[in-house]
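model39.cif (mmCIF, C-alpha atoms (C1' of nucleotides)) appears below.
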```cif
data_query
#
loop_
_atom_site.label_atom_id
_atom_site.label_comp_id
_atom_site.auth_asym_id
_atom_site.auth_seq_id
_atom_site.Cartn_x
_atom_site.Cartn_y
_atom_site.Cartn_z
CA MET A 14 17.60 23.84 -15.83
CA ALA A 15 13.85 23.67 -15.95
CA ILE A 16 11.73 24.39 -19.01
CA PHE A 17 10.28 27.64 -17.65
CA SER A 18 11.89 30.27 -15.45
CA ARG A 19 10.73 30.20 -11.86
CA THR A 20 8.95 33.48 -12.47
CA CYS A 21 7.03 31.89 -15.32
CA GLU A 22 6.12 28.87 -13.20
CA TYR A 23 4.65 31.20 -10.58
CA ALA A 24 2.85 33.14 -13.31
CA ILE A 25 1.16 30.14 -14.86
CA ARG A 26 0.15 28.68 -11.51
CA ALA A 27 -1.20 32.02 -10.33
CA VAL A 28 -3.22 32.65 -13.48
CA LEU A 29 -4.75 29.18 -13.33
CA TYR A 30 -5.51 29.75 -9.67
CA ILE A 31 -7.16 33.09 -10.35
CA ALA A 32 -9.08 31.56 -13.23
CA HIS A 33 -10.74 28.98 -11.07
CA GLN A 34 -11.02 30.90 -7.80
CA SER A 35 -12.39 34.24 -8.92
CA THR A 36 -14.90 36.04 -11.08
CA PRO A 37 -15.17 39.73 -11.93
CA SER A 38 -17.59 40.09 -9.02
CA GLN A 39 -15.59 37.92 -6.62
CA LYS A 40 -11.99 39.03 -6.83
CA ILE A 41 -9.13 37.39 -5.04
CA GLY A 42 -6.31 39.05 -3.11
CA ILE A 43 -2.59 38.57 -3.56
CA LYS A 44 -2.22 37.01 -0.11
CA GLU A 45 -4.66 34.24 -0.91
CA ILE A 46 -3.21 33.61 -4.34
CA ALA A 47 0.34 33.40 -2.99
CA ALA A 48 -0.80 30.98 -0.29
CA GLY A 49 -2.80 28.99 -2.82
CA ILE A 50 0.14 28.37 -5.10
CA ASP A 51 3.00 28.41 -2.57
CA SER A 52 4.88 31.42 -3.85
CA PRO A 53 6.54 34.45 -2.23
CA GLU A 54 3.77 36.98 -1.89
CA LEU A 55 5.63 40.18 -2.70
CA TYR A 56 7.44 38.71 -5.65
CA LEU A 57 4.21 37.31 -7.02
CA ALA A 58 2.70 40.78 -6.68
CA LYS A 59 5.28 42.08 -9.16
CA ILE A 60 4.55 39.27 -11.56
CA LEU A 61 0.81 39.87 -11.44
CA GLN A 62 1.31 43.60 -11.98
CA ASN A 63 3.16 42.68 -15.15
CA LEU A 64 0.47 40.28 -16.34
CA SER A 65 -2.16 42.84 -15.51
CA LYS A 66 -0.44 45.51 -17.61
CA LYS A 67 -0.37 43.07 -20.48
CA GLY A 68 -4.07 42.43 -20.17
CA ILE A 69 -3.84 38.75 -19.32
CA ILE A 70 -5.45 39.28 -15.94
CA ASN A 71 -7.29 42.23 -14.39
CA SER A 72 -7.24 43.90 -11.03
CA THR A 73 -8.89 46.58 -9.01
CA LYS A 74 -7.65 48.41 -5.94
CA GLY A 75 -9.44 49.12 -2.73
CA PRO A 76 -11.85 47.19 -0.51
CA HIS A 77 -13.09 44.02 -2.13
CA GLY A 78 -10.52 44.62 -4.81
CA GLY A 79 -8.08 42.05 -6.02
CA PHE A 80 -7.29 40.06 -9.10
CA TYR A 81 -9.70 38.41 -11.47
CA ILE A 82 -9.88 37.30 -15.02
CA GLN A 83 -12.37 38.28 -17.68
CA GLU A 84 -14.60 35.64 -19.17
CA ASP A 85 -13.00 35.90 -22.59
CA SER A 86 -9.49 35.71 -21.17
CA LEU A 87 -10.26 32.18 -20.09
CA ARG A 88 -9.99 31.27 -23.74
CA LYS A 89 -6.51 32.69 -24.10
CA PRO A 90 -3.72 30.17 -24.55
CA LEU A 91 -1.00 29.60 -21.96
CA SER A 92 1.54 30.64 -24.59
CA GLU A 93 0.54 34.25 -23.90
CA ILE A 94 1.71 33.94 -20.31
CA VAL A 95 4.93 32.25 -21.34
CA GLU A 96 5.69 34.86 -23.97
CA ALA A 97 4.91 37.67 -21.55
CA ILE A 98 7.40 36.34 -19.01
CA ASP A 99 10.04 34.19 -20.69
CA GLY A 100 9.77 35.64 -24.18
CA GLU A 101 9.77 33.52 -27.27
CA GLY A 102 13.07 31.76 -26.59
CA LEU A 103 11.34 28.41 -26.17
CA PHE A 104 9.56 28.71 -29.49
CA ARG A 105 12.15 30.39 -31.67
CA GLY A 106 15.88 30.79 -31.91
CA CYS A 107 18.72 28.34 -31.98
CA ALA A 108 19.07 25.68 -29.30
CA LEU A 109 22.82 26.29 -29.26
CA GLY A 110 22.48 30.06 -29.04
CA LEU A 111 23.76 30.80 -32.53
CA SER A 112 22.20 33.92 -33.99
CA GLN A 113 23.23 32.92 -37.51
CA CYS A 114 21.55 29.55 -37.28
CA SER A 115 18.93 29.09 -39.99
CA GLU A 116 17.70 26.65 -42.59
CA LEU A 117 20.57 27.70 -44.84
CA ASN A 118 23.20 27.80 -42.12
CA PRO A 119 21.95 25.28 -39.56
CA CYS A 120 23.53 24.37 -36.26
CA PRO A 121 23.94 20.65 -35.65
CA LEU A 122 20.70 20.39 -33.70
CA HIS A 123 18.62 22.59 -35.94
CA ASP A 124 16.27 19.99 -37.38
CA GLN A 125 15.75 17.98 -34.23
CA PHE A 126 14.83 21.01 -32.20
CA LYS A 127 12.58 22.49 -34.82
CA SER A 128 10.14 19.71 -34.12
CA ILE A 129 10.51 19.98 -30.34
CA ARG A 130 9.86 23.72 -30.43
CA THR A 131 6.84 23.19 -32.60
CA GLN A 132 5.43 20.69 -30.16
CA ILE A 133 6.02 22.97 -27.17
CA HIS A 134 4.38 25.81 -29.00
CA GLN A 135 1.42 23.69 -30.01
CA VAL A 136 0.80 22.46 -26.49
CA LEU A 137 0.98 25.94 -25.05
CA SER A 138 -1.11 27.59 -27.72
CA GLN A 139 -3.78 24.91 -27.69
CA THR A 140 -4.10 24.83 -23.91
CA THR A 141 -6.29 27.59 -22.56
CA ILE A 142 -6.20 29.34 -19.23
CA GLY A 143 -9.73 28.27 -18.38
CA GLU A 144 -9.70 24.66 -19.40
CA PHE A 145 -8.56 23.25 -16.07
CA ASN A 146 -11.19 24.89 -13.92
CA GLN A 147 -13.35 21.83 -13.56
CA GLU A 148 -10.48 19.55 -12.59
CA LEU A 149 -9.10 22.17 -10.21
CA VAL A 150 -12.47 22.48 -8.52
CA GLU A 151 -12.70 18.74 -8.22
CA GLY A 152 -9.22 18.55 -6.74
CA ILE A 153 -7.97 16.29 -9.51
CA LEU A 154 -5.28 18.81 -10.36
CA SER A 155 -2.91 20.57 -7.99
CA LEU A 156 -1.16 23.96 -8.02
CA ARG A 157 0.65 23.74 -4.70
CA LYS A 158 4.18 22.59 -4.06
CA MET B 9 14.18 31.82 -21.83
CA ALA B 10 16.11 29.48 -24.04
CA ILE B 11 16.03 25.72 -23.81
CA PHE B 12 19.58 25.38 -22.47
CA SER B 13 21.52 27.66 -20.16
CA ARG B 14 24.14 29.76 -21.88
CA THR B 15 26.79 27.69 -20.15
CA CYS B 16 25.29 24.57 -21.66
CA GLU B 17 25.17 26.12 -25.11
CA TYR B 18 28.89 26.90 -24.87
CA ALA B 19 29.55 23.40 -23.59
CA ILE B 20 27.80 21.63 -26.44
CA ARG B 21 29.35 23.84 -29.09
CA ALA B 22 32.81 23.42 -27.56
CA VAL B 23 32.57 19.66 -27.33
CA LEU B 24 31.41 19.38 -30.93
CA TYR B 25 34.23 21.68 -31.95
CA ILE B 26 36.80 19.63 -30.08
CA ALA B 27 35.33 16.46 -31.53
CA HIS B 28 35.91 17.54 -35.08
CA GLN B 29 39.07 19.60 -34.66
CA SER B 30 41.25 17.39 -32.50
CA THR B 31 42.57 13.90 -31.91
CA PRO B 32 44.46 12.50 -28.93
CA SER B 33 47.68 13.23 -30.81
CA GLN B 34 46.57 16.65 -32.07
CA LYS B 35 45.12 18.52 -29.12
CA ILE B 36 43.52 21.89 -29.29
CA GLY B 37 44.03 24.85 -26.97
CA ILE B 38 41.37 26.83 -25.16
CA LYS B 39 42.13 29.99 -27.14
CA GLU B 40 41.41 28.33 -30.42
CA ILE B 41 38.26 26.63 -29.14
CA ALA B 42 36.88 29.87 -27.71
CA ALA B 43 37.57 31.65 -30.98
CA GLY B 44 36.08 28.77 -32.93
CA ILE B 45 32.77 28.88 -31.15
CA ASP B 46 32.61 32.59 -30.21
CA SER B 47 32.66 32.26 -26.45
CA PRO B 48 34.50 34.05 -23.63
CA GLU B 49 37.79 32.24 -23.31
CA LEU B 50 38.21 32.23 -19.54
CA TYR B 51 34.65 31.25 -18.85
CA LEU B 52 34.85 28.47 -21.36
CA ALA B 53 37.99 27.26 -19.60
CA LYS B 54 35.93 26.71 -16.45
CA ILE B 55 33.29 24.82 -18.36
CA LEU B 56 35.83 22.56 -20.03
CA GLN B 57 37.50 21.88 -16.69
CA ASN B 58 34.16 20.67 -15.47
CA LEU B 59 33.53 18.47 -18.50
CA SER B 60 37.04 17.13 -18.23
CA LYS B 61 36.52 16.12 -14.60
CA LYS B 62 33.39 14.30 -15.65
CA GLY B 63 35.24 12.38 -18.31
CA ILE B 64 33.36 13.76 -21.29
CA ILE B 65 36.48 15.34 -22.72
CA ASN B 66 40.18 14.97 -21.90
CA SER B 67 43.04 17.35 -21.50
CA THR B 68 46.74 17.53 -20.90
CA LYS B 69 48.85 20.40 -19.64
CA GLY B 70 52.10 21.74 -20.98
CA PRO B 71 53.52 22.30 -24.45
CA HIS B 72 51.41 20.75 -27.18
CA GLY B 73 48.83 20.12 -24.53
CA GLY B 74 45.20 21.06 -24.79
CA PHE B 75 41.81 19.45 -25.07
CA TYR B 76 40.85 16.39 -27.03
CA ILE B 77 38.28 13.69 -27.00
CA GLN B 78 38.78 9.94 -26.89
CA GLU B 79 37.60 7.84 -29.78
CA ASP B 80 34.94 6.10 -27.71
CA SER B 81 33.63 9.38 -26.30
CA LEU B 82 32.55 10.29 -29.80
CA ARG B 83 29.80 7.74 -29.33
CA LYS B 84 28.50 9.37 -26.16
CA PRO B 85 25.15 11.12 -26.43
CA LEU B 86 24.71 14.87 -26.08
CA SER B 87 22.46 14.20 -23.10
CA GLU B 88 25.61 13.56 -21.05
CA ILE B 89 26.76 17.11 -21.64
CA VAL B 90 23.36 18.55 -20.85
CA GLU B 91 23.03 16.53 -17.66
CA ALA B 92 26.54 17.51 -16.59
CA ILE B 93 25.76 21.22 -16.95
CA ASP B 94 22.02 21.84 -16.66
CA GLY B 95 21.10 18.74 -14.69
CA GLU B 96 18.07 16.65 -15.47
CA GLY B 97 15.53 19.46 -15.19
CA LEU B 98 14.67 19.27 -18.88
CA PHE B 99 14.01 15.55 -18.72
CA ARG B 100 12.36 15.15 -15.34
CA GLY B 101 10.36 17.19 -12.88
CA CYS B 102 7.22 19.25 -13.16
CA ALA B 103 6.92 21.98 -15.79
CA LEU B 104 5.22 24.20 -13.22
CA GLY B 105 7.81 23.56 -10.51
CA LEU B 106 5.58 21.51 -8.25
CA SER B 107 7.52 18.93 -6.27
CA GLN B 108 4.37 16.97 -5.50
CA CYS B 109 3.39 16.65 -9.14
CA SER B 110 3.07 13.02 -10.21
CA GLU B 111 0.82 10.64 -12.06
CA LEU B 112 -1.42 10.46 -9.01
CA ASN B 113 -1.31 14.16 -8.22
CA PRO B 114 -0.69 15.81 -11.58
CA CYS B 115 -0.29 19.47 -12.34
CA PRO B 116 -2.42 20.79 -15.18
CA LEU B 117 0.34 20.38 -17.76
CA HIS B 118 1.58 17.02 -16.58
CA ASP B 119 0.53 14.87 -19.51
CA GLN B 120 1.34 17.32 -22.26
CA PHE B 121 4.85 17.86 -20.98
CA LYS B 122 5.55 14.23 -20.36
CA SER B 123 5.62 13.71 -24.08
CA ILE B 124 7.70 16.83 -24.74
CA ARG B 125 10.27 15.80 -22.17
CA THR B 126 10.44 12.34 -23.65
CA GLN B 127 11.07 13.78 -27.08
CA ILE B 128 13.80 16.11 -25.83
CA HIS B 129 15.44 13.24 -24.02
CA GLN B 130 15.24 11.00 -27.05
CA VAL B 131 16.81 13.54 -29.36
CA LEU B 132 19.64 14.25 -26.95
CA SER B 133 20.32 10.64 -26.09
CA GLN B 134 20.19 9.46 -29.68
CA THR B 135 22.44 12.20 -30.98
CA THR B 136 26.13 11.50 -30.44
CA ILE B 137 29.01 13.86 -29.96
CA GLY B 138 30.81 12.54 -33.01
CA GLU B 139 28.05 12.34 -35.52
CA PHE B 140 28.39 15.84 -36.91
CA ASN B 141 32.09 15.65 -37.71
CA GLN B 142 31.65 15.12 -41.40
CA GLU B 143 29.19 17.97 -41.83
CA LEU B 144 31.33 20.25 -39.69
CA VAL B 145 34.38 19.47 -41.81
CA GLU B 146 32.40 20.16 -44.96
CA GLY B 147 31.15 23.45 -43.56
CA ILE B 148 27.53 22.41 -43.84
CA LEU B 149 27.07 23.00 -40.12
CA SER B 150 28.13 25.99 -38.10
CA LEU B 151 29.20 26.49 -34.48
CA ARG B 152 29.91 30.22 -34.56
CA LYS B 153 27.56 33.03 -33.65
"C1'" DT C 26 67.41 20.46 -14.61
"C1'" DA C 27 65.64 25.09 -15.97
"C1'" DA C 28 62.55 27.45 -18.84
"C1'" DA C 29 58.44 27.58 -21.35
"C1'" DT C 30 53.82 26.14 -22.13
"C1'" DA C 31 49.01 25.19 -21.21
"C1'" DA C 32 45.44 23.63 -18.24
"C1'" DA C 33 43.75 23.56 -13.16
"C1'" DA C 34 42.41 26.00 -9.29
"C1'" DG C 35 41.08 29.72 -6.47
"C1'" DA C 36 39.54 34.41 -5.92
"C1'" DT C 37 37.00 38.24 -7.45
"C1'" DA C 38 33.79 41.01 -10.45
"C1'" DT C 39 29.64 41.75 -13.04
"C1'" DT C 40 25.03 40.93 -14.48
"C1'" DC C 41 20.55 38.88 -14.19
"C1'" DT C 42 16.98 36.63 -11.57
"C1'" DT C 43 14.53 36.30 -7.57
"C1'" DG C 44 12.81 38.26 -3.45
"C1'" DT C 45 11.68 42.13 -0.01
"C1'" DC C 46 10.52 46.72 1.75
"C1'" DC C 47 8.36 51.11 1.73
"C1'" DT C 48 5.58 54.73 -0.28
"C1'" DT C 49 1.89 56.06 -3.48
"C1'" DT C 50 -2.44 55.62 -5.90
"C1'" DA C 51 -7.13 54.17 -6.61
"C1'" DA C 52 -11.44 52.40 -4.93
"C1'" DA C 53 -14.97 51.42 -1.49
"C1'" DT C 54 -17.56 52.63 2.54
"C1'" DA C 55 -18.52 54.56 7.00
"C1'" DT D 1 -15.27 63.60 2.95
"C1'" DA D 2 -12.13 60.84 5.91
"C1'" DT D 3 -10.70 56.32 6.62
"C1'" DT D 4 -9.68 51.90 5.26
"C1'" DT D 5 -8.35 48.60 1.95
"C1'" DA D 6 -5.66 46.51 -1.68
"C1'" DA D 7 -2.92 46.91 -5.74
"C1'" DA D 8 0.82 49.84 -8.20
"C1'" DG D 9 5.25 51.65 -8.20
"C1'" DG D 10 9.93 52.57 -6.97
"C1'" DA D 11 14.00 51.30 -4.47
"C1'" DC D 12 16.78 47.99 -2.51
"C1'" DA D 13 18.77 43.22 -1.16
"C1'" DA D 14 20.10 38.47 -1.79
"C1'" DG D 15 21.42 34.76 -4.72
"C1'" DA D 16 22.70 32.55 -8.92
"C1'" DA D 17 24.72 32.67 -13.44
"C1'" DT D 18 28.15 34.52 -16.21
"C1'" DA D 19 32.68 36.45 -16.83
"C1'" DT D 20 37.48 37.76 -15.56
"C1'" DC D 21 41.93 37.78 -13.14
"C1'" DT D 22 45.81 35.67 -10.76
"C1'" DT D 23 48.40 31.89 -8.98
"C1'" DT D 24 49.51 27.00 -9.08
"C1'" DT D 25 50.38 22.53 -11.14
"C1'" DA D 26 51.66 19.33 -14.67
"C1'" DT D 27 54.11 18.48 -18.91
"C1'" DT D 28 57.40 19.19 -22.56
"C1'" DT D 29 61.71 20.42 -24.36
"C1'" DA D 30 65.97 22.98 -24.66
#
```
Would you mind writing the structure in this file as structure tokens?
Amino acid sequence: MAIFSRTCEYAIRAVLYIAHQSTPSQKIGIKEIAAGIDSPELYLAKILQNLSKKGIINSTKGPHGGFYIQEDSLRKPLSEIVEAIDGEGLFRGCALGLSQCSELNPCPLHDQFKSIRTQIHQVLSQTTIGEFNQELVEGILSLRK
Amino acid sequence: MAIFSRTCEYAIRAVLYIAHQSTPSQKIGIKEIAAGIDSPELYLAKILQNLSKKGIINSTKGPHGGFYIQEDSLRKPLSEIVEAIDGEGLFRGCALGLSQCSELNPCPLHDQFKSIRTQIHQVLSQTTIGEFNQELVEGILSLRK
DNA sequence: TAAATAAAAGATATTCTTGTCCTTTAAATA
DNA sequence: TATTTAAAGGACAAGAATATCTTTTATTTA
């Protein structure tokens, strides 16, 4: 199993792609996004609808419409995308799936995973949607399969 | 999404339960294991069959048969269970699902997740199946929902 | 050796995730 | 204002994960 669901992988890649390829005056269409990140177009459309409802990205219909991201959303952390799609399972909850697991009633892996979860959460909440734009433009980073 | 698949959660809990509840001369049946870790009995049976084939646990059929674990398997790391069930996705591969992601062609999260993966792998490969027996016996740790 | 026991194995069912299709709505522009 | 464009929305389909059921095999013991 991977760290993120496939849906969440698509979501993160798409948001980063939108962040560096579009502005509110130059929107980008679903076709181009899907091609840009190697994802199934119609499935990605559903994912972006979801992210749009949650205010992480924006969209407009009609000619010259498409997806874009507001300036201030570029400062949002990636953890918002992950929580919107995969929930908080990576950050909270018991690694062994025990609902009763807690400090007082810990599962065997409780302490070890507390630190791992913290680190995952830190990375995702300190990394912003916009911070890769320069490297993406320069081709140092890749979003395609 | 959680860190492990549900199947893997059952697997780890079951193996730890077997480790502390049974010996090669005192085997434990699937009914009791499933009750002991709150999991669906028949599904757990499939999982244990799988782990048994892979040599992580042992079993014998017939009266007084059941599952048990060999002395030396108690020293095996939990990573063996995780790899047997969920594969190596947690330890290797790109967080964003990009097959081309590498040191030379990194995805945006490459470096951050390299360290997270390493930590997950370390915890799971340094933690052994047998090391919780004492705490489980004493009731300090829990395996039930 | 026959009967009883318990896991293995194979088949099927259910649920969730992923992916596709078709119609509707909103926006731009001719 | 009619037409075109592109996303939104609803319904459906395929696949994978999870769960259950039934039959078979191996082992013990009466």
Item to check | Output check: residues returned by the PyMOL selection byres ((chain B and resi 147) around 12), as number ranges by chain | outcome: A: 117-121; B: 28, 140-146, 148-152
Next on the checklist: If we count all atoms listed in the file and set the cut-off at 9 Å, which residues sit around stretch 26-34 of chain C, ignoring sequence neighbours fewer than 2 positions away in its own chain? Please answer as a PyMOL selection string.
Outcome noted: (chain B and resi 37-38+53+57+67-75) or (chain D and resi 23-30)
Item to check | Residues selected by the PyMOL selection byres ((chain C) within 6 of (chain A)), written as a PyMOL selection string | outcome: chain C and resi 44+51-53
If you keep C-alpha atoms (C1' of nucleotides), can you produce a file of those selected residues as an mmCIF file, keeping the file's coordinate frame?
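Full text of out-v9.cif as output:
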```
data_model
loop_
_atom_site.group_PDB
_atom_site.id
_atom_site.type_symbol
_atom_site.label_atom_id
_atom_site.label_comp_id
_atom_site.auth_asym_id
_atom_site.auth_seq_id
_atom_site.Cartn_x
_atom_site.Cartn_y
_atom_site.Cartn_z
ATOM 1 C "C1'" DG C 44 12.810 38.260 -3.450
ATOM 2 C "C1'" DA C 51 -7.130 54.170 -6.610
ATOM 3 C "C1'" DA C 52 -11.440 52.400 -4.930
ATOM 4 C "C1'" DA C 53 -14.970 51.420 -1.490
#
```
Checklist entry - If we count all atoms listed in the file, which residues of chain A reach to within 6 Å of chain B? Please list them as a PyMOL selection string. => result chain A and resi 14-16+22+99+102-103+109+111-113+119-121+154-155+158
Next on the checklist: Would you compute the distance between atom CA of A:Glu116 and atom CA of A:Gln139? Give it in Å to one decimal.
Outcome noted: 26.2 Å
Checklist entry - Would you list which chain D residues are within 12 Å of chain A using only C-alpha atoms (C1' of nucleotides), as a PyMOL selection string? => result chain D and resi 3-10+17
